[in-house]
Structures are given as C-alpha cells and as structure tokens.
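Peer 1: Okay, here's the structure, questions in a sec.
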Amino acid sequence: MSDMIRDSQRCCPGNGVSENGSSGSVNRETLENGSRAVIVTGASSGLGRAIAKSLAGEGFQVFGVGRNFGEDAWPENFHKIVMDMNRTGAFYEEIRGLVKRENIYALINNAGVGYYGLHETLNPAKIHEMVTINLEVPMVLAQMTLRSLKKNHGYMINISSVTAKQANPHGCAYGATKAGLSSFGASLFEEARKYGVHVCTIHPDMAKTNLYRNADFCQGEDADTYLLPEQVADAVRMILSGPESMTVTDVTLRPQRHQIRRKNH
Ligand SMILES: NC(=O)c1ccc[n+]([C@@H]2O[C@H](COP(=O)([O-])OP(=O)(O)OC[C@H]3O[C@@H](n4cnc5c(N)ncnc54)[C@H](OP(=O)(O)O)[C@@H]3O)[C@@H](O)[C@H]2O)c1
C-alpha cells in the first residue's frame, strides 16, 4: 500500500512529497486540510474509527458519526456527532446544518450493520435497519453533500464489501445492501466525474472489528486471515492522495489466507 501511495505522489508535482521521495504527509495539498471538512460515518469503532483517526492526523476537520464513542482520546480537529442514524429525520437535519456551515471536501460512507443467518430467520426490523444504514443513508448523504464535493473537486468513498461481488448464502440481505452501494458508487462516478468529483468504492474482505457481533462466525485467529482497520484507513489515504486527473474507482482488500471461525455458543 505504501508503495502505491508513493507512486501516486511521484506522478504529481507539488504534492507535498519531499525531494527524497518519502511520503511525509499524504494529501498533496496538506496545508489546506485544516479548512477542509470530512464526514466519516461509523467513526466510533472498527474501520471508521481508524479512518477518522488517520484523516484527523492528516489535519482535516473530521466530523465523525456514531452512537457510542467510549473513552477514546481524540484530537481537537475531530468533532463527534453522537446520533442514531436510524432516526433518519433528526440525523439528516443535523447533516443539512453541517453542510451549510462547513466546507465539505470528502464524505466517507462507512457505517454499516450486518445480520446473518438463513434469510427466513431475519425479521423486518433487521432488514429495514440494514437497508437504512448500509444503503439509504449513504445515498442521502451523497445527495446532501454533492454540491460541496463538486465545488471542491472532492471525494466520496463508500465502504462496501466483497459480499457485493458474490452470492452470500446466510448473508443475502446484507450482501444485497452492499451490492446496491457498489452499484450506486459506480453510477454516481459516471454522473459526477465531469464535475471533478472522485467516487471510490472500497470492497474489504473480513476485517478484525465487531461487525460480526450478531453472527455465529467471526474472523480467523491467524494474523494473515483478516484485515486490520488501519489497512483500510491506509487505502483511504491512498485514494485521497491521488492526482486531480485520476480517480481510483474500486479497491478490493483481502487477507492473504481465507479462514472463518465458528463461534461456540
Ligand atoms: N469488518 C469486516 O469484516 C467488514 C468487511 C467488509 C465490509 N465491512 C464494512 O465496513 C464498515 C464498518 O464496519 P466495521 O467492520 O468497522 O464494524 P463496526 O466495528 O461494527 O462499526 C460499525 C460502525 O457503524 C456505526 N453504526 C452502525 N449503526 C449505526 C447507527 N444506527 N447510528 C450511528 N452509527 C451506527 C457504529 O457506531 P456505534 O457502534 O457507535 O453505534 C460503528 O461506528 C461497514 O459498512 C461494514 O459493512 C466490514
């Protein structure tokens, strides 16, 4: 990944890379990051927390959404939005205000929820929650932020899943929401690319987070059988560091080995 970051920086002069080629700070216009706002949904844990911390480290004003942030220490340029996104009316109102106040440069649609098992064992509330959090919210936030993203030639990065690209027995509805999100991103790129908006979909395989709290399986034990949240955060930084003239539209990240563990109940 770090090689990809360095290569993309080398091809665009004035990108904040020192003369010896070391990456230093990743974004090519780091000096301006302090006035750029980035929204990260699901910033309170897992992939979103790693992405939010990494982008705050890059100097962006990071607005992170979640319900339970715990006791984590955050830098001054991280701003918590403690809200339940299932309460869409209040949540969309909050984001509408944020978009009016702040200079939105990037939207990272990361929050997600997964319920697994035979489809007949789910219920309407679980299906509704997955559709809301994994698909509806990203599309609505995209609609709300697009004018700013166009103005700033900014970025939308959707955290989808490898399940978007395959059949998912015991995860039919979850995979369908992710396939929808990937489809949305691909179409939106075609619609918005002429306005300078970069749209990228990241497809991670299993990562070491709490996503599988509702499942009867979880990540393997060996370190080469799962992704780390920081590795996904590195991919986000790599995408944001690309030259203006190029968009990375699709990144798939997989652990080297495949292993899933059944939980003992
Ligand atoms: N882990 C994996 O193996 C994997 C693989 C492929 C794709 N993904 C995707 O990666 C994304 C991040 O998941 P993760 O693995 O980091 O799982 P996670 O640790 O469970 O994080 C999910 C995040 O979404 C937030 N969220 C969920 N429902 C919410 C709600 N109603 N209101 C506000 N925030 C809500 C959570 O906030 P609170 O906990 O504070 O409510 C949390 O910050 C998801 O879209 C997931 O589908 C994960």
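Within each chain, counting starts at residue 1; across the structure tokens, chains are named A, B, ... in the order shown, with ligands numbered 1 upward in that order.
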Contacts of Val65 of chain A at 9 Å or less, counting only C-alpha atoms, minus same-chain residues fewer than 5 places along, as a VMD selection string?

Peer 2: chain A and resid 39 to 44 79 to 85 111

Peer 1: Collect all residues with atoms no farther than 7 Å from ligand 1, counting only C-alpha atoms and all ligand atoms, and output them as a VMD selection string.

Peer 2: chain A and resid 41 to 49 65 to 69 83 to 86 110 to 114 133 to 134 159 to 162 203 to 211

Peer 1: Keeping N, CA and C atoms for every residue in the selection just given, could you write it to a file as an mmCIF file, in the first residue's frame?

Peer 2:
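See selection.cif below for the written result:
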data_model
loop_
_atom_site.group_PDB
_atom_site.id
_atom_site.type_symbol
_atom_site.label_atom_id
_atom_site.label_comp_id
_atom_site.auth_asym_id
_atom_site.auth_seq_id
_atom_site.Cartn_x
_atom_site.Cartn_y
_atom_site.Cartn_z
ATOM 1 N N THR A 41 -18.927 8.407 8.599
ATOM 2 C CA THR A 41 -19.976 7.748 9.386
ATOM 3 C C THR A 41 -19.397 6.476 10.012
ATOM 4 N N GLY A 42 -19.933 6.122 11.176
ATOM 5 C CA GLY A 42 -19.417 4.944 11.873
ATOM 6 C C GLY A 42 -17.999 5.162 12.364
ATOM 7 N N ALA A 43 -17.750 6.371 12.908
ATOM 8 C CA ALA A 43 -16.387 6.722 13.333
ATOM 9 C C ALA A 43 -16.074 6.237 14.740
ATOM 10 N N SER A 44 -17.043 5.619 15.396
ATOM 11 C CA SER A 44 -16.841 5.268 16.811
ATOM 12 C C SER A 44 -16.175 3.916 17.004
ATOM 13 N N SER A 45 -16.070 3.123 15.946
ATOM 14 C CA SER A 45 -15.396 1.828 16.132
ATOM 15 C C SER A 45 -14.878 1.288 14.802
ATOM 16 N N GLY A 46 -14.082 0.229 14.889
ATOM 17 C CA GLY A 46 -13.665 -0.524 13.716
ATOM 18 C C GLY A 46 -12.995 0.296 12.628
ATOM 19 N N LEU A 47 -13.416 0.044 11.383
ATOM 20 C CA LEU A 47 -12.779 0.691 10.231
ATOM 21 C C LEU A 47 -12.940 2.206 10.295
ATOM 22 N N GLY A 48 -14.144 2.655 10.671
ATOM 23 C CA GLY A 48 -14.432 4.094 10.688
ATOM 24 C C GLY A 48 -13.565 4.841 11.685
ATOM 25 N N ARG A 49 -13.348 4.219 12.844
ATOM 26 C CA ARG A 49 -12.502 4.871 13.848
ATOM 27 C C ARG A 49 -11.072 5.019 13.314
ATOM 28 N N VAL A 65 -19.522 10.358 12.852
ATOM 29 C CA VAL A 65 -20.853 9.978 13.362
ATOM 30 C C VAL A 65 -20.792 8.614 14.039
ATOM 31 N N GLY A 66 -21.475 8.497 15.168
ATOM 32 C CA GLY A 66 -21.585 7.208 15.851
ATOM 33 C C GLY A 66 -22.488 7.361 17.064
ATOM 34 N N ARG A 67 -22.779 6.248 17.717
ATOM 35 C CA ARG A 67 -23.615 6.334 18.924
ATOM 36 C C ARG A 67 -22.784 6.225 20.191
ATOM 37 N N ASN A 68 -21.796 5.317 20.186
ATOM 38 C CA ASN A 68 -21.025 5.065 21.409
ATOM 39 C C ASN A 68 -19.535 5.243 21.140
ATOM 40 N N PHE A 69 -19.012 6.399 21.540
ATOM 41 C CA PHE A 69 -17.595 6.682 21.273
ATOM 42 C C PHE A 69 -16.679 6.207 22.390
ATOM 43 N N MET A 83 -25.144 10.432 17.273
ATOM 44 C CA MET A 83 -26.538 10.301 16.814
ATOM 45 C C MET A 83 -26.804 8.883 16.353
ATOM 46 N N ASP A 84 -28.062 8.486 16.452
ATOM 47 C CA ASP A 84 -28.507 7.211 15.899
ATOM 48 C C ASP A 84 -28.999 7.473 14.473
ATOM 49 N N MET A 85 -28.320 6.936 13.506
ATOM 50 C CA MET A 85 -28.683 7.192 12.117
ATOM 51 C C MET A 85 -29.987 6.513 11.717
ATOM 52 N N ASN A 86 -30.477 5.587 12.553
ATOM 53 C CA ASN A 86 -31.801 5.013 12.280
ATOM 54 C C ASN A 86 -32.895 6.064 12.433
ATOM 55 N N ASN A 110 -19.124 4.949 5.755
ATOM 56 C CA ASN A 110 -18.511 3.744 6.322
ATOM 57 C C ASN A 110 -19.465 2.956 7.220
ATOM 58 N N ALA A 111 -20.353 3.629 7.932
ATOM 59 C CA ALA A 111 -21.189 2.915 8.927
ATOM 60 C C ALA A 111 -21.918 1.757 8.267
ATOM 61 N N GLY A 112 -22.021 0.682 9.004
ATOM 62 C CA GLY A 112 -22.735 -0.470 8.463
ATOM 63 C C GLY A 112 -23.175 -1.386 9.581
ATOM 64 N N VAL A 113 -24.145 -2.212 9.248
ATOM 65 C CA VAL A 113 -24.637 -3.182 10.214
ATOM 66 C C VAL A 113 -24.925 -4.482 9.473
ATOM 67 N N GLY A 114 -24.662 -5.605 10.150
ATOM 68 C CA GLY A 114 -24.877 -6.897 9.497
ATOM 69 C C GLY A 114 -25.664 -7.858 10.378
ATOM 70 N N ILE A 133 -29.091 1.804 7.104
ATOM 71 C CA ILE A 133 -27.724 2.209 7.458
ATOM 72 C C ILE A 133 -26.748 1.942 6.303
ATOM 73 N N ASN A 134 -26.904 0.803 5.636
ATOM 74 C CA ASN A 134 -25.905 0.409 4.622
ATOM 75 C C ASN A 134 -26.151 1.045 3.267
ATOM 76 N N ILE A 159 -17.635 2.523 1.814
ATOM 77 C CA ILE A 159 -17.089 1.256 2.302
ATOM 78 C C ILE A 159 -18.140 0.181 2.054
ATOM 79 N N SER A 160 -17.940 -0.541 0.971
ATOM 80 C CA SER A 160 -18.842 -1.631 0.622
ATOM 81 C C SER A 160 -18.281 -2.908 1.229
ATOM 82 N N SER A 161 -18.175 -3.960 0.460
ATOM 83 C CA SER A 161 -17.720 -5.246 1.000
ATOM 84 C C SER A 161 -17.516 -6.203 -0.175
ATOM 85 N N VAL A 162 -16.651 -7.198 0.011
ATOM 86 C CA VAL A 162 -16.510 -8.205 -1.053
ATOM 87 C C VAL A 162 -17.835 -8.937 -1.281
ATOM 88 N N HIS A 203 -13.918 -2.385 -1.297
ATOM 89 C CA HIS A 203 -14.523 -3.693 -1.026
ATOM 90 C C HIS A 203 -13.605 -4.482 -0.092
ATOM 91 N N PRO A 204 -13.793 -4.335 1.223
ATOM 92 C CA PRO A 204 -12.938 -5.121 2.122
ATOM 93 C C PRO A 204 -13.498 -6.527 2.319
ATOM 94 N N ASP A 205 -12.584 -7.460 2.474
ATOM 95 C CA ASP A 205 -12.950 -8.804 2.951
ATOM 96 C C ASP A 205 -12.971 -8.719 4.486
ATOM 97 N N MET A 206 -12.924 -9.851 5.154
ATOM 98 C CA MET A 206 -13.078 -9.850 6.620
ATOM 99 C C MET A 206 -12.008 -9.033 7.333
ATOM 100 N N ALA A 207 -12.464 -8.165 8.195
ATOM 101 C CA ALA A 207 -11.550 -7.338 8.983
ATOM 102 C C ALA A 207 -11.778 -7.606 10.466
ATOM 103 N N LYS A 208 -10.783 -7.260 11.258
ATOM 104 C CA LYS A 208 -10.864 -7.525 12.693
ATOM 105 C C LYS A 208 -11.601 -6.376 13.376
ATOM 106 N N THR A 209 -12.915 -6.468 13.396
ATOM 107 C CA THR A 209 -13.766 -5.464 14.055
ATOM 108 C C THR A 209 -14.924 -6.204 14.727
ATOM 109 N N ASN A 210 -15.857 -5.408 15.253
ATOM 110 C CA ASN A 210 -17.013 -6.021 15.929
ATOM 111 C C ASN A 210 -18.202 -6.251 15.011
ATOM 112 N N LEU A 211 -18.000 -6.145 13.696
ATOM 113 C CA LEU A 211 -19.141 -6.255 12.776
ATOM 114 C C LEU A 211 -19.906 -7.570 12.956
#

Peer 1: Using backbone DSSP assignments, extract all alpha helix (DSSP H) residues from segment 15-263 of chain A; output them as a PyMOL selection string.

Peer 2: chain A and resi 46-57+88-101+124-131+137-152+172-192+229-240

Peer 1: Create the file for the chosen residues now, containing C-alpha atoms and written as a PDB file, in the first residue's frame.

Peer 2:
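Below is the file that was written, again-v1.pdb:
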ATOM      1  CA  GLY A  46     -13.665  -0.524  13.716  1.00  0.00           C
ATOM      2  CA  LEU A  47     -12.779   0.691  10.231  1.00  0.00           C
ATOM      3  CA  GLY A  48     -14.432   4.094  10.688  1.00  0.00           C
ATOM      4  CA  ARG A  49     -12.502   4.871  13.848  1.00  0.00           C
ATOM      5  CA  ALA A  50      -9.201   4.037  12.124  1.00  0.00           C
ATOM      6  CA  ILE A  51     -10.162   6.128   9.067  1.00  0.00           C
ATOM      7  CA  ALA A  52     -11.269   9.090  11.211  1.00  0.00           C
ATOM      8  CA  LYS A  53      -8.078   8.994  13.317  1.00  0.00           C
ATOM      9  CA  SER A  54      -5.908   8.751  10.233  1.00  0.00           C
ATOM     10  CA  LEU A  55      -7.627  11.691   8.489  1.00  0.00           C
ATOM     11  CA  ALA A  56      -7.570  13.797  11.661  1.00  0.00           C
ATOM     12  CA  GLY A  57      -3.829  13.055  11.722  1.00  0.00           C
ATOM     13  CA  THR A  88     -33.183   9.500   9.888  1.00  0.00           C
ATOM     14  CA  GLY A  89     -35.236  12.710  10.235  1.00  0.00           C
ATOM     15  CA  ALA A  90     -33.102  14.169  13.037  1.00  0.00           C
ATOM     16  CA  PHE A  91     -29.899  12.832  11.522  1.00  0.00           C
ATOM     17  CA  TYR A  92     -30.491  14.302   8.063  1.00  0.00           C
ATOM     18  CA  GLU A  93     -31.400  17.632   9.691  1.00  0.00           C
ATOM     19  CA  GLU A  94     -28.051  17.612  11.539  1.00  0.00           C
ATOM     20  CA  ILE A  95     -26.110  16.875   8.345  1.00  0.00           C
ATOM     21  CA  ARG A  96     -28.028  19.545   6.434  1.00  0.00           C
ATOM     22  CA  GLY A  97     -26.833  22.100   9.021  1.00  0.00           C
ATOM     23  CA  LEU A  98     -23.268  20.762   8.874  1.00  0.00           C
ATOM     24  CA  VAL A  99     -23.164  21.052   5.080  1.00  0.00           C
ATOM     25  CA  LYS A 100     -24.301  24.699   5.340  1.00  0.00           C
ATOM     26  CA  ARG A 101     -21.642  25.547   7.945  1.00  0.00           C
ATOM     27  CA  PRO A 124     -38.472  -6.916   9.006  1.00  0.00           C
ATOM     28  CA  ALA A 125     -36.779  -4.654  11.589  1.00  0.00           C
ATOM     29  CA  LYS A 126     -33.325  -6.149  10.919  1.00  0.00           C
ATOM     30  CA  ILE A 127     -33.793  -5.964   7.147  1.00  0.00           C
ATOM     31  CA  HIS A 128     -35.016  -2.359   7.443  1.00  0.00           C
ATOM     32  CA  GLU A 129     -32.012  -1.404   9.600  1.00  0.00           C
ATOM     33  CA  MET A 130     -29.519  -2.881   7.114  1.00  0.00           C
ATOM     34  CA  VAL A 131     -31.178  -1.128   4.176  1.00  0.00           C
ATOM     35  CA  VAL A 137     -28.064   6.818   4.497  1.00  0.00           C
ATOM     36  CA  PRO A 138     -25.083   6.772   2.077  1.00  0.00           C
ATOM     37  CA  MET A 139     -27.328   7.762  -0.844  1.00  0.00           C
ATOM     38  CA  VAL A 140     -28.988  10.579   1.115  1.00  0.00           C
ATOM     39  CA  LEU A 141     -25.664  11.907   2.446  1.00  0.00           C
ATOM     40  CA  ALA A 142     -24.336  11.811  -1.106  1.00  0.00           C
ATOM     41  CA  GLN A 143     -27.298  13.879  -2.284  1.00  0.00           C
ATOM     42  CA  MET A 144     -26.779  16.389   0.529  1.00  0.00           C
ATOM     43  CA  THR A 145     -23.030  16.825   0.021  1.00  0.00           C
ATOM     44  CA  LEU A 146     -22.659  16.659  -3.771  1.00  0.00           C
ATOM     45  CA  ARG A 147     -22.780  20.411  -4.381  1.00  0.00           C
ATOM     46  CA  SER A 148     -19.895  20.890  -1.949  1.00  0.00           C
ATOM     47  CA  LEU A 149     -17.977  17.960  -3.415  1.00  0.00           C
ATOM     48  CA  LYS A 150     -18.391  19.451  -6.895  1.00  0.00           C
ATOM     49  CA  LYS A 151     -17.212  22.866  -5.699  1.00  0.00           C
ATOM     50  CA  ASN A 152     -14.146  21.323  -4.034  1.00  0.00           C
ATOM     51  CA  CYS A 172     -28.442 -12.484   1.435  1.00  0.00           C
ATOM     52  CA  ALA A 173     -29.834  -9.163   2.645  1.00  0.00           C
ATOM     53  CA  TYR A 174     -26.505  -7.782   3.903  1.00  0.00           C
ATOM     54  CA  GLY A 175     -24.844  -8.629   0.577  1.00  0.00           C
ATOM     55  CA  ALA A 176     -27.735  -7.065  -1.329  1.00  0.00           C
ATOM     56  CA  THR A 177     -27.326  -3.758   0.520  1.00  0.00           C
ATOM     57  CA  LYS A 178     -23.603  -3.804  -0.269  1.00  0.00           C
ATOM     58  CA  ALA A 179     -24.199  -4.653  -3.946  1.00  0.00           C
ATOM     59  CA  GLY A 180     -26.598  -1.704  -4.027  1.00  0.00           C
ATOM     60  CA  LEU A 181     -23.984   0.581  -2.504  1.00  0.00           C
ATOM     61  CA  SER A 182     -21.343  -0.515  -5.030  1.00  0.00           C
ATOM     62  CA  SER A 183     -23.767  -0.011  -7.902  1.00  0.00           C
ATOM     63  CA  PHE A 184     -24.659   3.434  -6.589  1.00  0.00           C
ATOM     64  CA  GLY A 185     -20.996   4.451  -6.390  1.00  0.00           C
ATOM     65  CA  ALA A 186     -20.206   3.258  -9.908  1.00  0.00           C
ATOM     66  CA  SER A 187     -23.182   5.165 -11.357  1.00  0.00           C
ATOM     67  CA  LEU A 188     -22.513   8.289  -9.351  1.00  0.00           C
ATOM     68  CA  PHE A 189     -18.923   8.371 -10.593  1.00  0.00           C
ATOM     69  CA  GLU A 190     -20.166   8.370 -14.194  1.00  0.00           C
ATOM     70  CA  GLU A 191     -22.626  11.144 -13.349  1.00  0.00           C
ATOM     71  CA  ALA A 192     -20.282  13.362 -11.353  1.00  0.00           C
ATOM     72  CA  PRO A 229      -8.742  -1.387  10.333  1.00  0.00           C
ATOM     73  CA  GLU A 230      -5.536   0.597   9.817  1.00  0.00           C
ATOM     74  CA  GLN A 231      -5.004  -1.164   6.474  1.00  0.00           C
ATOM     75  CA  VAL A 232      -8.379   0.076   5.247  1.00  0.00           C
ATOM     76  CA  ALA A 233      -7.514   3.543   6.579  1.00  0.00           C
ATOM     77  CA  ASP A 234      -4.285   3.394   4.529  1.00  0.00           C
ATOM     78  CA  ALA A 235      -6.357   2.658   1.427  1.00  0.00           C
ATOM     79  CA  VAL A 236      -8.490   5.732   2.120  1.00  0.00           C
ATOM     80  CA  ARG A 237      -5.379   7.899   2.449  1.00  0.00           C
ATOM     81  CA  MET A 238      -4.025   6.426  -0.783  1.00  0.00           C
ATOM     82  CA  ILE A 239      -7.250   7.306  -2.615  1.00  0.00           C
ATOM     83  CA  LEU A 240      -7.271  10.862  -1.240  1.00  0.00           C
TER      84      LEU A 240
END

Peer 1: In terms of the shortest atom-to-atom distance over only C-alpha atoms, which of A:Met246, A:Cys218, A:Ile157, A:Ala223 is closest to Arg262 of chain A?

Peer 2: A:Cys218

Peer 1: Which residue is closest to Asn33 of chain A? Choose from A:Thr252, A:Asn214, A:Ser241, A:Asn123 and count only C-alpha atoms.

Peer 2: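 Counting only C-alpha atoms, the residue closest to Asn33 of chain A is A:Ser241.
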
Peer 1: Excluding same-chain residues fewer than 2 positions from Gln259 of chain A, what lies within 7 Å of it counting only C-alpha atoms, as an NGL selection string?

Peer 2: :A and (219-220 or 225 or 257 or 261)

Peer 1: Take the selection from the previous step and output its residues with N, CA and C atoms, as an mmCIF file, in the first residue's frame.

Peer 2:
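After the write, again-v8.cif holds the following:
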data_model
loop_
_atom_site.group_PDB
_atom_site.id
_atom_site.type_symbol
_atom_site.label_atom_id
_atom_site.label_comp_id
_atom_site.auth_asym_id
_atom_site.auth_seq_id
_atom_site.Cartn_x
_atom_site.Cartn_y
_atom_site.Cartn_z
ATOM 1 N N GLN A 219 -13.865 -13.709 12.485
ATOM 2 C CA GLN A 219 -12.590 -13.787 11.777
ATOM 3 C C GLN A 219 -11.785 -14.996 12.260
ATOM 4 N N GLY A 220 -10.860 -15.437 11.398
ATOM 5 C CA GLY A 220 -9.926 -16.477 11.801
ATOM 6 C C GLY A 220 -8.975 -15.966 12.880
ATOM 7 N N THR A 225 -5.264 -13.867 8.166
ATOM 8 C CA THR A 225 -6.611 -14.266 7.739
ATOM 9 C C THR A 225 -7.643 -13.154 7.936
ATOM 10 N N ARG A 257 -4.831 -15.173 3.508
ATOM 11 C CA ARG A 257 -5.442 -16.509 3.596
ATOM 12 C C ARG A 257 -6.895 -16.394 4.012
ATOM 13 N N ARG A 261 -13.981 -18.465 11.522
ATOM 14 C CA ARG A 261 -14.130 -19.293 12.722
ATOM 15 C C ARG A 261 -15.595 -19.339 13.153
#

Peer 1: Please return, as a list in words, all residues of segment 1-169 of chain A that DSSP assigns to strand (DSSP E) on the basis of the backbone.

Peer 2: Ala37, Val38, Ile39, Val40, Thr41, Gln61, Val62, Phe63, Gly64, Val65, Gly66, Phe78, His79, Lys80, Ile81, Val82, Ile104, Tyr105, Ala106, Leu107, Ile108, Asn109, Tyr155, Met156, Ile157, Asn158 and Ile159 of chain A

Peer 1: Can you write out the residues you just picked, keeping C-alpha atoms, as a compact mmCIF listing (two decimals), in the first residue's frame?

Peer 2:
# COMPACT_ATOMS: atom_id res chain seq x y z
CA ALA A 37 -14.21 19.05 6.36
CA VAL A 38 -14.55 15.29 6.05
CA ILE A 39 -17.62 13.37 7.22
CA VAL A 40 -16.95 9.81 8.41
CA THR A 41 -19.98 7.75 9.39
CA GLN A 61 -11.58 18.73 10.18
CA VAL A 62 -13.17 15.32 10.73
CA PHE A 63 -16.86 15.07 11.62
CA GLY A 64 -17.42 11.54 12.87
CA VAL A 65 -20.85 9.98 13.36
CA GLY A 66 -21.59 7.21 15.85
CA PHE A 78 -12.13 15.62 15.40
CA HIS A 79 -15.76 16.56 16.02
CA LYS A 80 -18.18 13.93 17.35
CA ILE A 81 -21.71 13.73 16.04
CA VAL A 82 -23.37 11.42 18.55
CA ILE A 104 -17.22 19.53 2.86
CA TYR A 105 -14.28 18.03 0.96
CA ALA A 106 -14.93 14.33 1.48
CA LEU A 107 -17.73 12.00 2.54
CA ILE A 108 -16.72 8.58 3.83
CA ASN A 109 -19.83 6.39 3.96
CA TYR A 155 -14.12 12.73 -2.71
CA MET A 156 -16.86 10.26 -1.85
CA ILE A 157 -15.58 6.94 -0.56
CA ASN A 158 -18.09 4.19 0.11
CA ILE A 159 -17.09 1.26 2.30

Peer 1: Separation of atom CA of Gly196 of chain A and atom CA of Gly59 of chain A, in Å?

Peer 2: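 Those two atoms sit 22.3 Å apart.
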